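Student: Input file: data-v8.txt. Contents: compact mmCIF, C-alpha atoms and all ligand atoms.
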```txt
# COMPACT_ATOMS: atom_id res chain seq x y z
CA MET A 20 -21.39 -23.97 14.05
CA ASN A 21 -20.18 -25.01 10.66
CA LYS A 22 -18.02 -28.06 11.15
CA CYS A 23 -15.29 -27.07 8.77
CA VAL A 24 -11.98 -28.81 8.93
CA PHE A 25 -9.01 -26.71 8.07
CA LEU A 26 -6.05 -28.51 6.64
CA VAL A 27 -2.85 -26.64 6.45
CA ILE A 28 -0.45 -27.81 3.82
CA ALA A 29 2.79 -26.16 2.90
CA ILE A 30 2.16 -25.27 -0.70
CA LEU A 31 5.68 -25.53 -1.94
CA CYS A 32 6.64 -28.72 -0.14
CA PHE A 33 7.58 -31.97 -1.79
CA GLY A 34 4.65 -34.23 -2.35
CA CYS A 35 1.99 -31.55 -2.31
CA LYS A 36 -1.18 -32.68 -3.89
CA LYS A 37 -1.06 -31.34 -7.41
CA ASP A 38 -4.74 -30.54 -7.33
CA VAL A 39 -4.36 -28.14 -4.44
CA ILE A 40 -2.73 -25.46 -6.52
CA GLN A 41 -3.96 -25.31 -10.05
CA ASN A 42 -1.84 -24.04 -12.90
CA GLU A 43 -3.77 -20.80 -13.01
CA ASP A 44 -2.96 -20.31 -9.34
CA THR A 45 0.68 -19.47 -10.00
CA ILE A 46 1.96 -17.59 -7.01
CA ARG A 47 4.12 -14.57 -7.61
CA VAL A 48 5.87 -13.04 -4.63
CA SER A 49 7.51 -9.63 -4.68
CA VAL A 50 8.72 -7.04 -2.20
CA ALA A 51 6.04 -4.36 -2.06
CA LYS A 52 7.15 -0.90 -3.08
CA TRP A 53 5.75 0.64 0.10
CA LYS A 54 4.68 -0.72 3.47
CA ASP A 55 1.34 -2.53 3.68
CA GLY A 56 1.04 -2.43 -0.11
CA LYS A 57 0.48 1.33 -0.19
CA THR A 58 1.22 2.81 -3.58
CA SER A 59 3.10 5.98 -2.57
CA ALA A 60 4.71 7.57 0.49
CA LEU A 61 4.40 10.98 2.09
CA SER A 62 6.41 12.38 4.98
CA PHE A 63 6.42 15.77 6.66
CA THR A 64 9.46 17.39 8.21
CA PHE A 65 9.51 20.63 10.19
CA ASP A 66 12.85 22.29 10.75
CA ASP A 67 14.00 24.55 13.59
CA ASN A 68 12.34 24.08 16.95
CA ASN A 69 10.35 27.27 17.08
CA VAL A 70 7.50 26.83 19.58
CA THR A 71 5.06 27.44 16.71
CA ASN A 72 5.76 23.77 15.93
CA ASP A 73 3.72 22.89 19.02
CA ASN A 74 0.57 23.72 17.04
CA VAL A 75 1.81 21.58 14.16
CA ALA A 76 2.40 18.66 16.53
CA LYS A 77 -1.11 19.13 17.98
CA LEU A 78 -2.59 19.08 14.48
CA PHE A 79 -0.79 15.84 13.58
CA ASN A 80 -1.93 14.36 16.91
CA LYS A 81 -5.52 15.29 16.04
CA HIS A 82 -5.18 13.42 12.73
CA THR A 83 -3.25 10.55 14.36
CA LEU A 84 -0.49 11.06 11.81
CA ASN A 85 3.22 11.10 12.59
CA ALA A 86 5.66 13.78 11.45
CA THR A 87 9.37 14.48 11.87
CA PHE A 88 10.67 17.53 13.72
CA PHE A 89 14.30 18.58 13.40
CA PHE A 90 15.50 20.28 16.57
CA ILE A 91 18.58 22.45 17.05
CA SER A 92 19.85 20.96 20.30
CA ASP A 93 21.90 23.75 21.90
CA LEU A 94 19.32 26.37 20.94
CA MET A 95 16.56 24.26 22.46
CA ILE A 96 18.47 23.73 25.71
CA GLN A 97 19.37 27.43 26.00
CA HIS A 98 15.70 28.35 25.65
CA ALA A 99 14.36 25.73 28.07
CA PRO A 100 11.96 25.49 29.70
CA LYS A 101 9.62 28.01 28.09
CA GLY A 102 11.54 30.12 25.60
CA ARG A 103 10.81 30.72 21.94
CA TYR A 104 12.84 27.69 20.80
CA SER A 105 11.76 25.36 23.58
CA PRO A 106 8.91 23.15 22.38
CA ASN A 107 6.49 21.39 24.73
CA LEU A 108 7.94 17.91 24.42
CA SER A 109 4.81 16.15 25.68
CA LEU A 110 3.17 16.99 22.32
CA TYR A 111 5.87 15.14 20.37
CA GLU A 112 5.63 11.69 21.92
CA LYS A 113 4.35 9.99 18.74
CA HIS A 114 6.59 11.93 16.39
CA GLU A 115 10.14 11.51 15.22
CA ILE A 116 12.68 13.95 16.62
CA GLY A 117 15.68 14.41 14.36
CA SER A 118 18.78 16.54 14.74
CA HIS A 119 19.22 19.83 12.96
CA THR A 120 22.70 20.01 14.57
CA ALA A 121 23.63 21.81 17.79
CA ASN A 122 23.84 25.39 16.53
CA HIS A 123 22.55 25.52 12.94
CA TYR A 124 25.88 26.61 11.46
CA SER A 125 26.65 25.99 7.85
CA LEU A 126 28.55 22.69 8.19
CA LEU A 127 30.72 23.49 5.17
CA ASP A 128 32.52 26.14 7.24
CA LEU A 129 33.52 23.93 10.17
CA LYS A 130 36.64 22.01 11.19
CA GLU A 131 36.38 18.31 11.93
CA ASN A 132 36.16 18.62 15.75
CA GLN A 133 33.42 21.23 15.37
CA LEU A 134 31.62 19.00 12.89
CA ILE A 135 31.69 16.11 15.34
CA TYR A 136 30.22 18.35 18.02
CA GLU A 137 27.43 19.48 15.71
CA LEU A 138 26.65 15.91 14.65
CA LYS A 139 27.37 13.64 17.60
CA ASP A 140 26.86 15.92 20.59
CA SER A 141 23.65 17.22 19.09
CA ARG A 142 22.33 13.68 18.74
CA ASP A 143 23.39 12.73 22.27
CA SER A 144 21.82 15.85 23.85
CA LEU A 145 18.58 15.35 21.96
CA MET A 146 18.35 11.71 23.05
CA LYS A 147 19.00 12.72 26.66
CA TYR A 148 16.60 15.63 26.56
CA THR A 149 13.72 14.02 24.63
CA LYS A 150 14.31 10.43 25.85
CA LYS A 151 13.80 9.26 22.26
CA ARG A 152 16.07 7.60 19.73
CA VAL A 153 17.39 10.06 17.15
CA TYR A 154 17.87 8.50 13.73
CA THR A 155 17.93 11.36 11.24
CA ILE A 156 20.08 14.44 10.65
CA ALA A 157 18.91 17.38 8.54
CA TYR A 158 21.80 19.51 7.29
CA PRO A 159 21.24 23.22 8.03
CA TYR A 160 20.63 25.28 4.88
CA GLY A 161 20.78 21.99 2.97
CA ARG A 162 24.58 22.42 2.85
CA TYR A 163 26.79 19.35 2.97
CA ASN A 164 29.61 17.58 1.16
CA ASP A 165 30.95 14.01 1.00
CA LYS A 166 33.04 14.41 4.15
CA ILE A 167 30.06 15.68 6.15
CA VAL A 168 27.85 12.87 4.87
CA SER A 169 30.40 10.18 5.78
CA LEU A 170 30.95 11.67 9.26
CA ALA A 171 27.18 11.87 9.81
CA ALA A 172 26.80 8.21 8.83
CA ALA A 173 28.70 7.22 11.98
CA TYR A 174 25.93 8.70 14.13
CA TYR A 175 22.76 8.58 12.06
CA PRO A 176 21.30 5.86 9.84
CA PHE A 177 19.44 8.46 7.78
CA ASP A 178 19.99 12.00 6.60
CA ARG A 179 17.68 14.44 4.97
CA TYR A 180 19.12 16.12 1.97
CA ALA A 181 17.77 19.33 0.60
CA PHE A 182 18.72 21.00 -2.63
CA PHE A 183 18.28 24.72 -2.79
CA PRO A 184 18.59 26.54 -6.07
CA THR A 185 19.87 29.44 -4.00
CA LEU A 186 20.55 29.76 -0.33
CA SER A 187 17.42 31.81 0.06
CA LEU A 188 14.62 29.76 1.48
CA TYR A 189 12.19 32.24 0.02
CA ASN A 190 12.67 30.92 -3.47
CA GLY A 191 11.62 27.46 -2.49
CA TYR A 192 12.65 24.37 -4.35
CA LYS A 193 11.14 21.42 -6.07
CA LYS A 194 13.75 19.01 -7.16
CA PRO A 195 13.72 15.24 -7.39
CA LEU A 196 16.11 13.24 -5.25
CA PHE A 197 17.31 9.71 -5.93
CA GLY A 198 16.46 9.66 -9.59
CA GLY A 199 13.13 11.28 -9.19
CA GLU A 200 11.77 8.78 -6.77
CA ARG A 201 11.83 10.93 -3.71
CA LEU A 202 10.83 14.55 -3.90
CA LEU A 203 11.34 17.32 -1.48
CA VAL A 204 8.85 20.12 -1.61
CA ALA A 205 8.53 23.23 0.51
CA LEU A 206 5.25 23.36 2.35
CA ASP A 207 4.45 26.99 1.69
CA GLN A 208 4.58 26.26 -2.04
CA LEU A 209 2.17 23.40 -1.75
CA LEU A 210 -0.76 25.42 -0.77
CA ASP A 211 -1.37 27.00 -4.07
CA GLY A 212 -3.42 24.80 -6.33
CA LYS A 213 -0.68 24.12 -8.87
CA ASN A 214 1.65 22.60 -6.35
CA MET A 215 -1.08 20.52 -4.76
CA GLU A 216 -1.64 19.09 -8.22
CA PHE A 217 2.09 18.56 -8.62
CA VAL A 218 2.32 16.59 -5.37
CA SER A 219 -0.78 14.55 -6.21
CA ALA A 220 0.61 13.76 -9.66
CA THR A 221 3.97 12.78 -8.17
CA LEU A 222 2.35 10.52 -5.57
CA SER A 223 0.25 8.90 -8.27
CA LYS A 224 3.51 7.73 -9.91
CA GLY A 225 4.39 5.78 -6.76
CA ALA A 226 6.93 8.29 -5.47
CA TRP A 227 7.93 9.34 -1.99
CA VAL A 228 7.32 13.01 -1.40
CA ASN A 229 8.79 14.72 1.63
CA VAL A 230 7.09 17.98 2.49
CA LEU A 231 9.26 20.44 4.35
CA GLY A 232 7.91 23.16 6.61
CA HIS A 233 9.43 25.88 8.74
CA ASN A 234 7.60 27.75 11.43
CA VAL A 235 4.15 26.94 10.10
CA GLY A 236 1.68 29.36 11.59
CA GLY A 237 4.49 31.71 12.67
CA LYS A 238 4.31 35.46 12.33
CA SER A 239 4.77 37.15 8.99
CA GLY A 240 8.39 38.01 8.39
CA ASP A 241 9.74 35.20 10.53
CA TYR A 242 11.62 33.31 7.81
CA GLY A 243 8.81 34.38 5.49
CA TYR A 244 6.82 31.23 6.15
CA LEU A 245 3.19 32.11 6.30
CA THR A 246 1.42 28.82 5.87
CA SER A 247 -1.30 28.72 8.46
CA ILE A 248 -2.32 25.81 10.66
CA SER A 249 -5.75 25.77 9.01
CA GLN A 250 -4.15 25.46 5.55
CA LEU A 251 -1.98 22.62 6.82
CA ASP A 252 -5.12 21.04 8.27
CA GLU A 253 -6.82 21.15 4.86
CA PHE A 254 -3.71 19.68 3.28
CA LEU A 255 -3.65 16.75 5.74
CA ILE A 256 -7.37 16.10 5.31
CA HIS A 257 -6.90 16.04 1.53
CA PHE A 258 -4.11 13.46 1.54
CA LYS A 259 -5.26 11.40 4.53
CA GLN A 260 -8.50 10.45 2.78
CA ASP A 261 -6.51 8.58 0.12
CA SER A 262 -5.80 5.26 1.80
CA SER A 263 -3.27 4.28 -0.88
CA ILE A 264 -0.78 6.86 0.46
CA TRP A 265 1.52 5.79 3.26
CA ILE A 266 1.98 8.77 5.58
CA ASP A 267 4.73 8.29 8.15
CA THR A 268 7.92 9.73 9.62
CA PHE A 269 11.01 10.38 7.53
CA SER A 270 13.00 7.62 9.24
CA ASN A 271 10.27 4.99 8.92
CA ILE A 272 9.98 5.61 5.19
CA SER A 273 13.78 5.77 4.78
CA LEU A 274 14.09 2.47 6.64
CA TYR A 275 11.51 0.77 4.47
CA LYS A 276 13.06 2.07 1.26
CA GLU A 277 16.55 0.90 2.27
CA ILE A 278 15.40 -2.57 3.31
CA ARG A 279 13.34 -2.88 0.14
CA ASP A 280 16.23 -1.89 -2.10
CA GLY A 281 18.67 -4.11 -0.18
CA SER A 282 16.56 -7.28 0.00
CA LYS A 283 15.72 -10.17 -2.23
CA ILE A 284 13.26 -13.02 -2.04
CA VAL A 285 14.51 -16.59 -2.08
CA LEU A 286 11.99 -19.37 -2.54
CA THR A 287 12.89 -22.90 -1.48
CA ASP A 288 10.74 -26.00 -1.14
CA SER A 289 8.43 -24.93 1.64
CA LEU A 290 9.92 -21.71 2.81
CA MET A 291 10.03 -18.24 1.47
CA SER A 292 12.92 -16.14 2.75
CA VAL A 293 13.47 -12.44 2.41
CA VAL A 294 17.20 -11.99 2.58
CA MET A 295 18.61 -8.62 3.48
CA ASP A 296 22.01 -7.33 2.49
CA ASP A 297 24.55 -8.08 5.27
CA LYS A 298 25.83 -4.52 5.39
CA LEU A 299 22.34 -3.21 5.99
CA ARG A 300 21.72 -5.77 8.71
CA ALA A 301 24.96 -4.73 10.43
CA LYS A 302 23.99 -1.08 10.14
CA TYR A 303 20.59 -1.58 11.78
CA SER A 304 22.11 -3.73 14.47
CA LYS A 305 24.62 -0.96 15.23
CA PHE A 306 21.82 1.59 15.53
CA GLY A 307 19.73 -0.70 17.76
CA PHE A 308 16.65 -1.19 15.60
CA SER A 309 14.25 -3.65 17.21
CA HIS A 310 12.01 -4.07 14.14
CA LEU A 311 12.88 -4.24 10.47
CA PRO A 312 9.56 -4.31 8.67
CA ILE A 313 9.12 -5.27 5.05
CA THR A 314 5.93 -6.02 3.16
CA ILE A 315 5.77 -8.72 0.54
CA HIS A 316 3.04 -8.90 -2.02
CA VAL A 317 1.71 -12.33 -2.85
CA ALA A 318 -0.26 -12.41 -6.07
CA THR A 319 -2.64 -15.33 -5.92
CA LYS A 320 -6.28 -15.88 -5.25
CA VAL A 321 -5.61 -19.17 -3.46
CA ASN A 322 -6.31 -19.10 0.27
CA LEU A 323 -3.03 -18.90 2.12
CA THR A 324 -1.84 -18.61 5.64
CA PHE A 325 1.50 -17.30 6.79
CA SER A 326 3.65 -18.29 9.73
CA GLY A 327 7.23 -17.70 10.84
CA ASN A 328 8.10 -14.04 11.14
CA ALA A 329 4.97 -12.82 9.37
CA LEU A 330 3.51 -10.00 11.46
CA GLU A 331 0.21 -9.75 9.66
CA ALA A 332 -1.35 -10.68 6.37
CA VAL A 333 -3.80 -8.32 4.76
CA ILE A 334 -5.99 -9.74 2.03
CA ARG A 335 -6.53 -7.13 -0.64
CA ARG A 336 -9.80 -6.57 -2.37
CA ASN A 337 -8.69 -8.49 -5.45
CA GLY A 338 -7.93 -11.55 -3.34
CA GLU A 339 -4.17 -11.00 -3.23
CA TYR A 340 -2.11 -10.63 -0.06
CA ASP A 341 0.18 -8.11 1.54
CA VAL A 342 2.19 -9.62 4.35
CA THR A 343 4.38 -7.57 6.64
CA LEU A 344 7.43 -9.37 7.99
CA ASP A 345 9.81 -8.40 10.73
CA LEU A 346 13.28 -9.16 9.45
CA SER A 347 14.84 -8.57 12.86
CA LYS A 348 13.23 -11.87 13.86
CA GLY A 349 14.73 -13.79 10.95
CA ASP A 350 14.19 -14.05 7.27
CA SER A 351 11.83 -16.92 6.73
CA VAL A 352 8.11 -17.25 6.49
CA LYS A 353 6.13 -20.32 5.64
CA ILE A 354 3.27 -19.91 3.23
CA SER A 355 0.55 -22.48 3.69
CA HIS A 356 -2.57 -23.32 1.80
CA ILE A 357 -5.82 -23.70 3.70
CA LEU A 358 -8.21 -26.29 2.40
CA GLN A 359 -11.74 -26.00 3.56
CA GLN A 360 -13.66 -29.23 3.63
CA VAL A 361 -17.39 -29.09 4.26
ZN ZN A 401 17.01 25.15 9.61
```
For this file, write the structure as structure tokens.
Tutor:
Amino acid sequence: MNKCVFLVIAILCFGCKKDVIQNEDTIRVSVAKWKDGKTSALSFTFDDNNVTNDNVAKLFNKHTLNATFFFISDLMIQHAPKGRYSPNLSLYEKHEIGSHTANHYSLLDLKENQLIYELKDSRDSLMKYTKKRVYTIAYPYGRYNDKIVSLAAAYYPFDRYAFFPTLSLYNGYKKPLFGGERLLVALDQLLDGKNMEFVSATLSKGAWVNVLGHNVGGKSGDYGYLTSISQLDEFLIHFKQDSSIWIDTFSNISLYKEIRDGSKIVLTDSLMSVVMDDKLRAKYSKFGFSHLPITIHVATKVNLTFSGNALEAVIRRNGEYDVTLDLSKGDSVKISHILQQV
């Protein structure tokens, strides 16, 4: 066994040996755009709990990828246990279940007490029925206004917007959200070559693309969505092979994006802290989040080790680091330099 002695020295402490970190070893720390240093993000959401979604869930299980399914709670309960809108919940264990309200009404047409039923009661029934936390609401027909959004915020940390050029789903849509950073694209459009290229090009710019599907693999004429399971399979294979794309649920990507945008790095003598906006922290506490993950990128080729609330450090091929922290356990992480003496 090589009798190496490892000396751990806090690199930013007072009295550090100057020769440990050379000038050219300047360490730059930044919050990574996406988790684990991935360069873009891709989520999949499937609206309306038609049982055809069971095959979609099976496909994602086969690929060990996680998707988000928006269920219409009252419709699902009315059809239980084996009706057309009653999915086999055992297939959805790894996936996010979001609310698509209780009855899929256009929310713009409802009074406040009806709105609260569609938002809150839907969430509560889904949590009871699926035994999962429900974090995201998807507005039926993509119709909402400021009042609906602020009411929804009392019950859901995240909402999925959709912009439709017309109310007809058949026309599809392809419009950037949040200044072009997050895109929402209809799945049935993706499967012609042009749109595959469009999504690839958008991901290559570091964006988050959310792909929206309805009744994938359903019968012709049922909402007009004809995308087959085998086409979706090809689509997943295509994007999964690119390890720079972070594929995850809508709420996980929303959470990361919010923490990233609401956090800053503070460097003191021997500690590096990632400080999150107080309002965000209060929001996640209210919604009972047990983990608040954020990845920091440390640009240096010096050997480092991380302690404190660092979950894991991944050394990238170029010698730099991506370190995922759990902010729910506190803000600080100590970065230490390992000296190897032979
Ligand atoms: Zn819908």
Student: Which polymer residues have any atom within 10 Å of an atom of Arg142 (chain A), counting only C-alpha atoms, with same-chain residues fewer than 4 positions away left out, as a tab-separated table (two decimals) with C-alpha atoms, in the coordinates of the input?
Tutor:
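Generated output (result-v4.tsv):
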```
chain	number	residue	atom	x	y	z
A	90	PHE	CA	15.50	20.28	16.57
A	91	ILE	CA	18.58	22.45	17.05
A	92	SER	CA	19.85	20.96	20.30
A	116	ILE	CA	12.68	13.95	16.62
A	117	GLY	CA	15.68	14.41	14.36
A	118	SER	CA	18.78	16.54	14.74
A	119	HIS	CA	19.22	19.83	12.96
A	120	THR	CA	22.70	20.01	14.57
A	121	ALA	CA	23.63	21.81	17.79
A	136	TYR	CA	30.22	18.35	18.02
A	137	GLU	CA	27.43	19.48	15.71
A	138	LEU	CA	26.65	15.91	14.65
A	146	MET	CA	18.35	11.71	23.05
A	147	LYS	CA	19.00	12.72	26.66
A	148	TYR	CA	16.60	15.63	26.56
A	152	ARG	CA	16.07	7.60	19.73
A	153	VAL	CA	17.39	10.06	17.15
A	154	TYR	CA	17.87	8.50	13.73
A	155	THR	CA	17.93	11.36	11.24
A	156	ILE	CA	20.08	14.44	10.65
A	174	TYR	CA	25.93	8.70	14.13
A	175	TYR	CA	22.76	8.58	12.06
```
Student: Which is closer to ligand ZN 401 (chain A) than all the others in A:Arg162, A:Arg103, A:His82, A:Lys224, using all atoms listed in the file?
Tutor: A:Arg162
Student: Please produce, as CSV, a per-residue contact table for chain A versus ligand ZN 401 (chain A) (criterion: any atom at most 7 Å away, all atoms listed in the file considered), showing the nearest atom pair and its distance in Å to one decimal, sorted by chain then residue number.
Tutor:
```
residue,atom,partner,partner_atom,distance
A:Asp66,CA,A:ZN401,ZN,5.2
A:Asp67,CA,A:ZN401,ZN,5.0
A:His119,CA,A:ZN401,ZN,6.7
A:His123,CA,A:ZN401,ZN,6.5
A:Pro159,CA,A:ZN401,ZN,4.9
A:Tyr160,CA,A:ZN401,ZN,6.0
```
Student: To one decimal in Å, tell me the separation between CA of Phe254 (chain A) and CA of Arg179 (chain A).
Tutor: 22.1 Å
Student: Looking at all atoms listed in the file, which of A:Ile167, A:Ile264, A:Ile248, A:Ala76 is the one that sits closest to Thr58 (chain A)?
Tutor: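 Smallest separation from Thr58 (chain A) among the options: A:Ile264.
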Student: Quick one: of A:Ile266, A:Val70, A:Ala60, A:Val75, who's nearest to Lys101 (chain A), counting only C-alpha atoms?
Tutor: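 Once distances to Lys101 (chain A) are computed over only C-alpha atoms, the minimum belongs to A:Val70.
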Student: What does the structure give for the distance between CA of Thr314 (chain A) and CA of Met295 (chain A), in Å to one decimal?
Tutor: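 Taking CA of Thr314 (chain A) as the start and CA of Met295 (chain A) as the end point, the length is 12.9 Å.
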Student: Please indicate the distance in Å from CA of Ile46 (chain A) to CA of Leu346 (chain A), rounded to one decimal place.
Tutor: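 CA of Leu346 (chain A) lies at a distance of 21.7 Å from CA of Ile46 (chain A).
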Student: Draw an axis-aligned box tight on the listed atoms of region 299-308 of chain A, then pad every side by 6 Å and write out centre and edge lengths in Å to one decimal as JSON.
Tutor:
```
{"center_x": 20.8, "center_y": -2.1, "center_z": 11.9, "size_x": 20.3, "size_y": 19.4, "size_z": 23.8}
```
Student: Find the residue from A:Val228, A:Ala99, A:Val168, A:Val321 that sits nearest to Asn337 (chain A); use all atoms listed in the file when measuring.
Tutor: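 Among A:Val228, A:Ala99, A:Val168, A:Val321, it is A:Val321 that comes nearest to Asn337 (chain A).
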Student: What residues have an atom no more than 8 Å from (10.7, 6.1, -1.1) in the file's own frame, counting all atoms listed in the file, and can you write them as a CSV table (one decimal) with C-alpha atoms, in the coordinates of the input?
Tutor:
```csv
chain,number,residue,atom,x,y,z
A,53,TRP,CA,5.8,0.6,0.1
A,59,SER,CA,3.1,6.0,-2.6
A,60,ALA,CA,4.7,7.6,0.5
A,200,GLU,CA,11.8,8.8,-6.8
A,201,ARG,CA,11.8,10.9,-3.7
A,226,ALA,CA,6.9,8.3,-5.5
A,227,TRP,CA,7.9,9.3,-2.0
A,228,VAL,CA,7.3,13.0,-1.4
A,272,ILE,CA,10.0,5.6,5.2
A,273,SER,CA,13.8,5.8,4.8
A,275,TYR,CA,11.5,0.8,4.5
A,276,LYS,CA,13.1,2.1,1.3
```
Student: May I have the residues within 10 Å of Gly349 (chain A) as JSON, numbers by chain, using all atoms listed in the file and disregarding those fewer than 2 positions away in the same chain?
Tutor: {"A": [292, 293, 294, 295, 311, 327, 328, 329, 344, 345, 346, 347, 351, 352]}
Student: Closest to Thr287 (chain A) among A:Thr319, A:Ile354, A:Thr87, A:Leu231, using only C-alpha atoms?
Tutor: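 Smallest distance to Thr287 (chain A) is found for A:Ile354.
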Student: Set the distance at 12 Å and use only C-alpha atoms: which residues neighbour Ser62 (chain A) once local chain neighbours fewer than 5 positions away are removed? I'd like the list as an MDAnalysis selection string.
Tutor: chainID A and resid 79 84:88 114:115 179 201:206 218 222 226:232 255 258:259 264:273
Student: Check the smallest atom-to-atom distance from each of A:Ser219, A:Asn164, A:Ser247, A:Ser355 to Met291 (chain A) using all atoms listed in the file, then report the winner.
Tutor: A:Ser355
